[in-house]
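For reference, the structure discussed in these notes is given below.
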Amino acid sequence: MKEKVPCVVAILNNSQEQVLLQHRDNTPGLPYADYWSMPGGKVEDGETPDEAIHRELVEEIELDVPLTLWKVYERPVSNLMVIVQYVYTGGIDQEISGLAINEGQALRFVDSQEFLKLPIAFGFNELLKEYFSNFQG
């Protein structure tokens with residue numbers, strides 16, 4: 001039986017219909033080093049996904065905003081492990097300059113076309129395509 005690992009991610013959009021992306025560190029051995037992703041991470045023991053996403057946002061970019069659980073899906077990563085991915089959405093009214101960067105190299109807002117030109121981690125490019133087709137335009 002495959003181990004199921006719960007993880008969370010936040011898709012945060014601004015008033016220009018852009019989504020906040022986080023440029024991952026370029027550390028050797030880091031999965032998807034130098035790729036782009038959204039804030040998030042692993043749900044810790046004794047923590048709910050709701051608690052985890054709020055903790056991750058505060059840890060990574062010092063942001064606390066209302067979020068809504070959009071979807072949950074399973075993402076196989078090996079023959080032994082499956083990520084149970086909890087995807088949250090929310091709005092952000094701050095400029096990049098008003099956010100901390102405690103994890104990763106940079107933050108950037110992108111629209112539905114700009115993100116297609118970037119290397120996106122964890123297969124989240126398909127998730128972003130679905131998000132933009134459902135919530136934007």
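Chain labels follow the order of the structure tokens: the first chain is A, the next B, and so on; residue numbering restarts at 1 in every chain, and ligands are counted from 1 in their shown order.
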
With only C-alpha atoms as the counted atoms, please give the residues lying no more than 10 Å from stretch 65-80 of chain A, apart from itself and same-chain residues fewer than 3 positions off, as a PyMOL selection string.
chain A and resi 1-12+49-50+53-54+57-58+83-93+122-123+131

Preceding selection exported with N, CA and C atoms as a short mmCIF file (atom, residue, chain, number, x, y, z; two decimals), in the first residue's frame:
```cif
data_model
loop_
_atom_site.label_atom_id
_atom_site.label_comp_id
_atom_site.auth_asym_id
_atom_site.auth_seq_id
_atom_site.Cartn_x
_atom_site.Cartn_y
_atom_site.Cartn_z
N MET A 1 0.83 -1.18 0.00
CA MET A 1 0.00 0.00 0.00
C MET A 1 0.88 1.25 0.00
N LYS A 2 0.50 2.23 -0.81
CA LYS A 2 1.27 3.46 -0.91
C LYS A 2 1.02 4.35 0.30
N GLU A 3 2.10 4.99 0.75
CA GLU A 3 1.98 5.98 1.82
C GLU A 3 1.32 7.22 1.26
N LYS A 4 0.33 7.75 1.98
CA LYS A 4 -0.34 8.98 1.56
C LYS A 4 0.17 10.13 2.42
N VAL A 5 0.74 11.14 1.76
CA VAL A 5 1.33 12.29 2.44
C VAL A 5 0.50 13.53 2.13
N PRO A 6 -0.16 14.11 3.14
CA PRO A 6 -0.96 15.30 2.89
C PRO A 6 -0.08 16.55 2.74
N CYS A 7 -0.36 17.32 1.69
CA CYS A 7 0.35 18.57 1.42
C CYS A 7 -0.67 19.65 1.06
N VAL A 8 -0.27 20.90 1.23
CA VAL A 8 -1.15 22.04 0.96
C VAL A 8 -0.45 23.02 0.03
N VAL A 9 -1.26 23.76 -0.73
CA VAL A 9 -0.74 24.82 -1.59
C VAL A 9 -1.81 25.90 -1.69
N ALA A 10 -1.36 27.15 -1.82
CA ALA A 10 -2.30 28.28 -1.93
C ALA A 10 -2.13 28.97 -3.27
N ILE A 11 -3.24 29.13 -3.97
CA ILE A 11 -3.27 29.93 -5.19
C ILE A 11 -3.86 31.28 -4.79
N LEU A 12 -3.00 32.29 -4.76
CA LEU A 12 -3.40 33.62 -4.32
C LEU A 12 -3.44 34.56 -5.53
N PRO A 49 -5.14 20.24 7.42
CA PRO A 49 -4.72 20.98 6.23
C PRO A 49 -4.98 22.49 6.35
N ASP A 50 -6.11 22.87 6.93
CA ASP A 50 -6.40 24.30 7.12
C ASP A 50 -5.33 24.98 7.98
N ILE A 53 -1.90 25.22 5.87
CA ILE A 53 -1.74 26.25 4.84
C ILE A 53 -1.56 27.62 5.47
N HIS A 54 -2.25 27.89 6.56
CA HIS A 54 -2.06 29.18 7.22
C HIS A 54 -0.65 29.28 7.82
N LEU A 57 1.88 29.87 4.91
CA LEU A 57 1.85 31.25 4.40
C LEU A 57 2.57 32.22 5.34
N VAL A 58 2.37 32.04 6.63
CA VAL A 58 3.05 32.91 7.60
C VAL A 58 4.55 32.64 7.58
N ILE A 83 0.97 11.93 -2.93
CA ILE A 83 0.68 13.19 -2.26
C ILE A 83 -0.82 13.41 -2.32
N VAL A 84 -1.44 13.66 -1.19
CA VAL A 84 -2.84 14.10 -1.14
C VAL A 84 -2.76 15.62 -1.10
N GLN A 85 -3.06 16.27 -2.23
CA GLN A 85 -2.85 17.70 -2.40
C GLN A 85 -4.12 18.49 -2.09
N TYR A 86 -4.05 19.33 -1.06
CA TYR A 86 -5.14 20.22 -0.70
C TYR A 86 -4.83 21.58 -1.31
N VAL A 87 -5.72 22.08 -2.16
CA VAL A 87 -5.50 23.32 -2.88
C VAL A 87 -6.46 24.39 -2.36
N TYR A 88 -5.88 25.47 -1.87
CA TYR A 88 -6.65 26.59 -1.34
C TYR A 88 -6.55 27.78 -2.27
N THR A 89 -7.58 28.61 -2.28
CA THR A 89 -7.55 29.85 -3.05
C THR A 89 -7.83 31.02 -2.12
N GLY A 90 -7.33 32.17 -2.53
CA GLY A 90 -7.57 33.38 -1.76
C GLY A 90 -7.10 34.60 -2.52
N GLY A 91 -7.49 35.75 -2.04
CA GLY A 91 -7.10 37.01 -2.65
C GLY A 91 -5.96 37.66 -1.89
N ILE A 92 -5.19 38.44 -2.62
CA ILE A 92 -4.07 39.15 -2.01
C ILE A 92 -4.08 40.57 -2.58
N ASP A 93 -4.03 41.55 -1.68
CA ASP A 93 -4.07 42.94 -2.12
C ASP A 93 -2.75 43.66 -1.86
N PHE A 122 6.22 20.50 -9.40
CA PHE A 122 5.23 19.55 -8.88
C PHE A 122 4.05 19.29 -9.82
N GLY A 123 4.22 19.55 -11.10
CA GLY A 123 3.10 19.37 -12.03
C GLY A 123 2.00 20.39 -11.83
N TYR A 131 -7.11 26.35 -12.85
CA TYR A 131 -7.52 27.50 -12.04
C TYR A 131 -7.87 28.68 -12.94
#
```

* Name the residues in contact with A:His23 at a cut-off of 9 Å, using only C-alpha atoms, excluding same-chain residues fewer than 6 positions from it; report them as a list in words. => Ala33, Asp34, Tyr35, Trp36, Ser37, Met38, Glu103, Gly104, Gln105, Ala106, Leu107 and Arg108 of chain A

Task: Between atom CA of A:Gln22 and atom CA of A:Ala100 - distance in Å to one decimal - done: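 Result for atom CA of A:Ala100 versus atom CA of A:Gln22: 11.3 Å, one decimal.
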
Could you name the residues that touch A:Gln94 at 10 Å or less, counting only C-alpha atoms, but leaving out those on the same chain fewer than 2 positions away, as a ChimeraX atom specification?
/A:14-15,63,91-92,96-99

Would you save the residues of that selection, restricted to C-alpha atoms, as a PDB file, in the first residue's frame?
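After the write, again.pdb holds the following:
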```pdb
ATOM      1  CA  ASN A  14      -4.643  39.861  -7.042  1.00  0.00           C
ATOM      2  CA  SER A  15      -7.092  42.353  -8.554  1.00  0.00           C
ATOM      3  CA  LEU A  63       0.879  36.572   5.112  1.00  0.00           C
ATOM      4  CA  GLY A  91      -7.099  37.007  -2.654  1.00  0.00           C
ATOM      5  CA  ILE A  92      -4.074  39.151  -2.013  1.00  0.00           C
ATOM      6  CA  ILE A  96       5.412  42.013  -3.862  1.00  0.00           C
ATOM      7  CA  SER A  97       7.463  44.645  -2.033  1.00  0.00           C
ATOM      8  CA  GLY A  98       5.121  44.307   0.959  1.00  0.00           C
ATOM      9  CA  LEU A  99       5.691  40.573   1.329  1.00  0.00           C
TER      10      LEU A  99
END
```

*asked:* Would you compute the distance between atom CA of A:Ile101 and atom CA of A:Ile61? Give it in Å to one decimal.
replied: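 Atom CA of A:Ile61 lies 5.2 Å from atom CA of A:Ile101.
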